[in-house]
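For reference, the structure discussed in these notes is given below.
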Amino acid sequence: MTLKTSWVASANSATTDFPLNNLPYGVFSINASAPRCGVAIGDMILDAAACEAAGLITLEGGPLLQSGVWNPVMEAGASVWTALRARLTELLVDGASEQSAVEPHLVPMKDATLHLPFAVTEYTDFYAAKNHAFNVGSMFRDPENALPPNWLSIPIGYNGRASSVVVSGTPVTRPWGQLKAPDAALPRFAPSERFDLELEFGAIVGQPSKGMVSVAEADDMIFGYVLLNDWSARDIQAWEYQPLGPFQSKATATTISPWIVTKAALEPFRTSTPERERPLLPYLKEPGPMLYDIDFEVSIAPEGKAETVLSRTNYDQMYYSAAQQLCHHTSSGCVMRVGDLLGSGTISGTAKDSRGSLLEMSWGGKEPITLDTGEQRSFLADGDTLTLRGAAQGEGYRIGFGDCTGQIQPAIDLPAWAQEEN
Ligand code: CA
C-alpha cells in the first residue's frame, strides 16, 4: 500500500499522521463555536458538518454529521462507514473535480480546539499483554506464579467508568486515596505518591451486540481505534485491588487521542496474535489476523523542560485482540452498545525500554529512570506532561493518531471535613 495523494499538500508528507490514506474522525471548535464533526487531512481539518450541510456529503439515513459527535455515523452501520470514507476520498484526492467547492470548508488544525470525538457509552479495560501481566504479577505477587491461573484462557477485564474518559490535552489532577505502605499496619488518606500512566490502545464499538457474538462478528462491530492512557495510582491500587480488582486507582481519568482512526485505514497493517501457550476455547479462536502492526511511543516532559522518550513498543505485543475481548465481553449475554470503549490493557514488550508503565520501567520504584534532563522518575511528578504517540508505517506514509497528552496537576486541598481532628 502506497501514499494516496491529495490536493491538500500537507497531507502528502511522509511524516504527517494524516495522509489521505488515514481520514480519521474528530470533533473540533474554532473560537468557542459549537463542537463540529471534522476529518483530519494533513495539517488541516475538513469541516465534515459543513460539507454535509452544503450537500457535498449525503449519507443514507442522514443528516448524520450535525450532532457534534460521531455516534450517529457509527449507529448507521458498516455500509455508511464505507460510503463516507469513499466520498471523503473522492472529495480530497489529487485532481478532485469538486476541489473548489470543498476548499472553503478546510480549517487549519492549529486554530482548532479538539473535543472528545464520540460520546463514550461505557468503558471496559482489559489486561491482555503478557509481558505487562507477567511484570505486574511478579511485583504485586510472586515471580513464580506471576500470571494468574486464568490468564492464558480468559481476556481479563474490569468495568471502568465512561465518566473518567477525557480527550487529549485535558489536565489530570493527582488523586487522593487510601494508601497503605507495605510495613504499615493501617492505611492513611493521602495524595497518591505512585501515580502512573498505562500505554493502551482503545477500540470503539460501532454496532450493538445482539446476544453473544463470534470473534469475526466482534471485529465487524469495531468502528475504529484511539490511543488510550489509563492513568493509574499504584499505591491506591495495591491496597484496594483484592478481591474485586481496581476501583478508585483507575477512576481519576482515562485520556484518549482526539482522532478516531477507522478500522478501514488500518486494514493494510493487520497482523496475528502470538502462538497460544494453552489452546483457547473454541469461541475465542480467531478466523484471521486481528492485531495491527502499530508502533507506540511514550514520552515525558517535566514542566518547562524537554521531552524524554521513555519507551517504544508495538500493538503486536498483545496476547488477545480487541475482537477477542469484545467476543468474550458478550459471552455472558452482556449487551454492548454503540460508543462503548474497550481499553486493550497496558502494552509492554520484553525489553525494559519497551514497557508501557512507569511501574514496570522503574520496577516498582526500585530502579528510578534518569531522564535526558538529568532528573529521575519512578512515578509521575506534578507538572509532568505525558505523551503517547502511535503510527502504522506504510510505504512513504504513516497512519497516525495524533498526540495523546495530559499534564499532572497537584492534588487538590483536602476539604476540612476530611482532615483528622486534633
Ligand atoms: Ca489499564
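Chain labels follow the order of the C-alpha cells: the first chain is A, the next B, and so on; residue numbering restarts at 1 in every chain, and ligands are counted from 1 in their shown order.
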
Just list as a PyMOL selection string whatever in range 12-250 of chain A DSSP marks as alpha helix (DSSP H).
chain A and resi 48-53+71-76+78-92+99-102+130-140+215-221+234-240

All residues 9 Å or closer to range 191-202 of chain A, only C-alpha atoms, same chain fewer than 2 positions away omitted, as number ranges by chain
A: 125, 174-179, 189, 204, 224-236, 249, 256, 296-298, 315, 322, 341-348, 355-359, 364-365, 378-381, 386, 388, 410-412

Just asking: which residues within range 161-365 of chain A are strand (DSSP E) according to DSSP, as a PyMOL selection string?
chain A and resi 165-167+172-173+176-179+188-191+195-196+199-205+222-230+232-233+254-256+261-262+270-271+291-292+295-301+308-314+341-343

As an MDAnalysis selection string, please: the residues near range 276-287 of chain A (cut-off 12 Å, only C-alpha atoms, same-chain neighbours under 2 positions excluded).
chainID A and resid 130 149:155 212:219 271:274 289:291 318:331

Using only C-alpha atoms, I'd like a table of the residues in range 135-228 of chain A that come within 12 Å of range 239-245 of chain A; for each, show the closest atom pair and its distance in Å rounded to one decimal, ordered by chain and ascending number, as a Markdown table.
| residue | atom | partner | partner_atom | distance |
| --- | --- | --- | --- | --- |
| A:Phe140 | CA | A:Tyr241 | CA | 10.3 |
| A:Arg141 | CA | A:Gln242 | CA | 11.5 |
| A:Ile156 | CA | A:Gly245 | CA | 10.5 |
| A:Gly157 | CA | A:Gly245 | CA | 9.1 |
| A:Tyr158 | CA | A:Gly245 | CA | 7.2 |
| A:Asn159 | CA | A:Gly245 | CA | 9.7 |
| A:Gly160 | CA | A:Gly245 | CA | 10.6 |
| A:Gly177 | CA | A:Glu240 | CA | 9.9 |
| A:Gln178 | CA | A:Trp239 | CA | 7.4 |
| A:Leu179 | CA | A:Trp239 | CA | 6.3 |
| A:Lys180 | CA | A:Trp239 | CA | 6.2 |
| A:Ala181 | CA | A:Trp239 | CA | 8.7 |
| A:Pro182 | CA | A:Trp239 | CA | 9.1 |
| A:Ala184 | CA | A:Trp239 | CA | 11.4 |
| A:Ala185 | CA | A:Trp239 | CA | 11.8 |
| A:Leu186 | CA | A:Trp239 | CA | 10.3 |
| A:Pro187 | CA | A:Trp239 | CA | 8.2 |
| A:Arg188 | CA | A:Trp239 | CA | 10.7 |
| A:Phe189 | CA | A:Trp239 | CA | 11.7 |
| A:Ser192 | CA | A:Trp239 | CA | 11.8 |

Check the smallest atom-to-atom distance from each of A:Thr170, A:Asn71, A:Thr254, A:Asn145 to ligand 1 using only C-alpha atoms and all ligand atoms, then report the winner.
A:Thr254

Residue nearest ligand 1 - candidates A:His132, A:Arg270, A:Lys352, A:Arg87, atoms counted: only C-alpha atoms and all ligand atoms:
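Among the listed residues, the smallest separation from ligand 1 belongs to A:His132.
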
Between A:Thr405, A:Thr255, A:Thr350, A:Ser79, single out the one closest to ligand 1, counting only C-alpha atoms and all ligand atoms.
A:Thr255

One decimal, in Å: what's the spacing between CA of Ala54 in chain A and CA of Ser13 in chain A?
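Answer for the CA of Ala54 in chain A to CA of Ser13 in chain A separation: 29.0 Å.
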
Taking only C-alpha atoms into account, name the residue in A:Ala133, A:Ala416, A:Ala391, A:Val80 that is nearest to Gly61 in chain A.
A:Val80
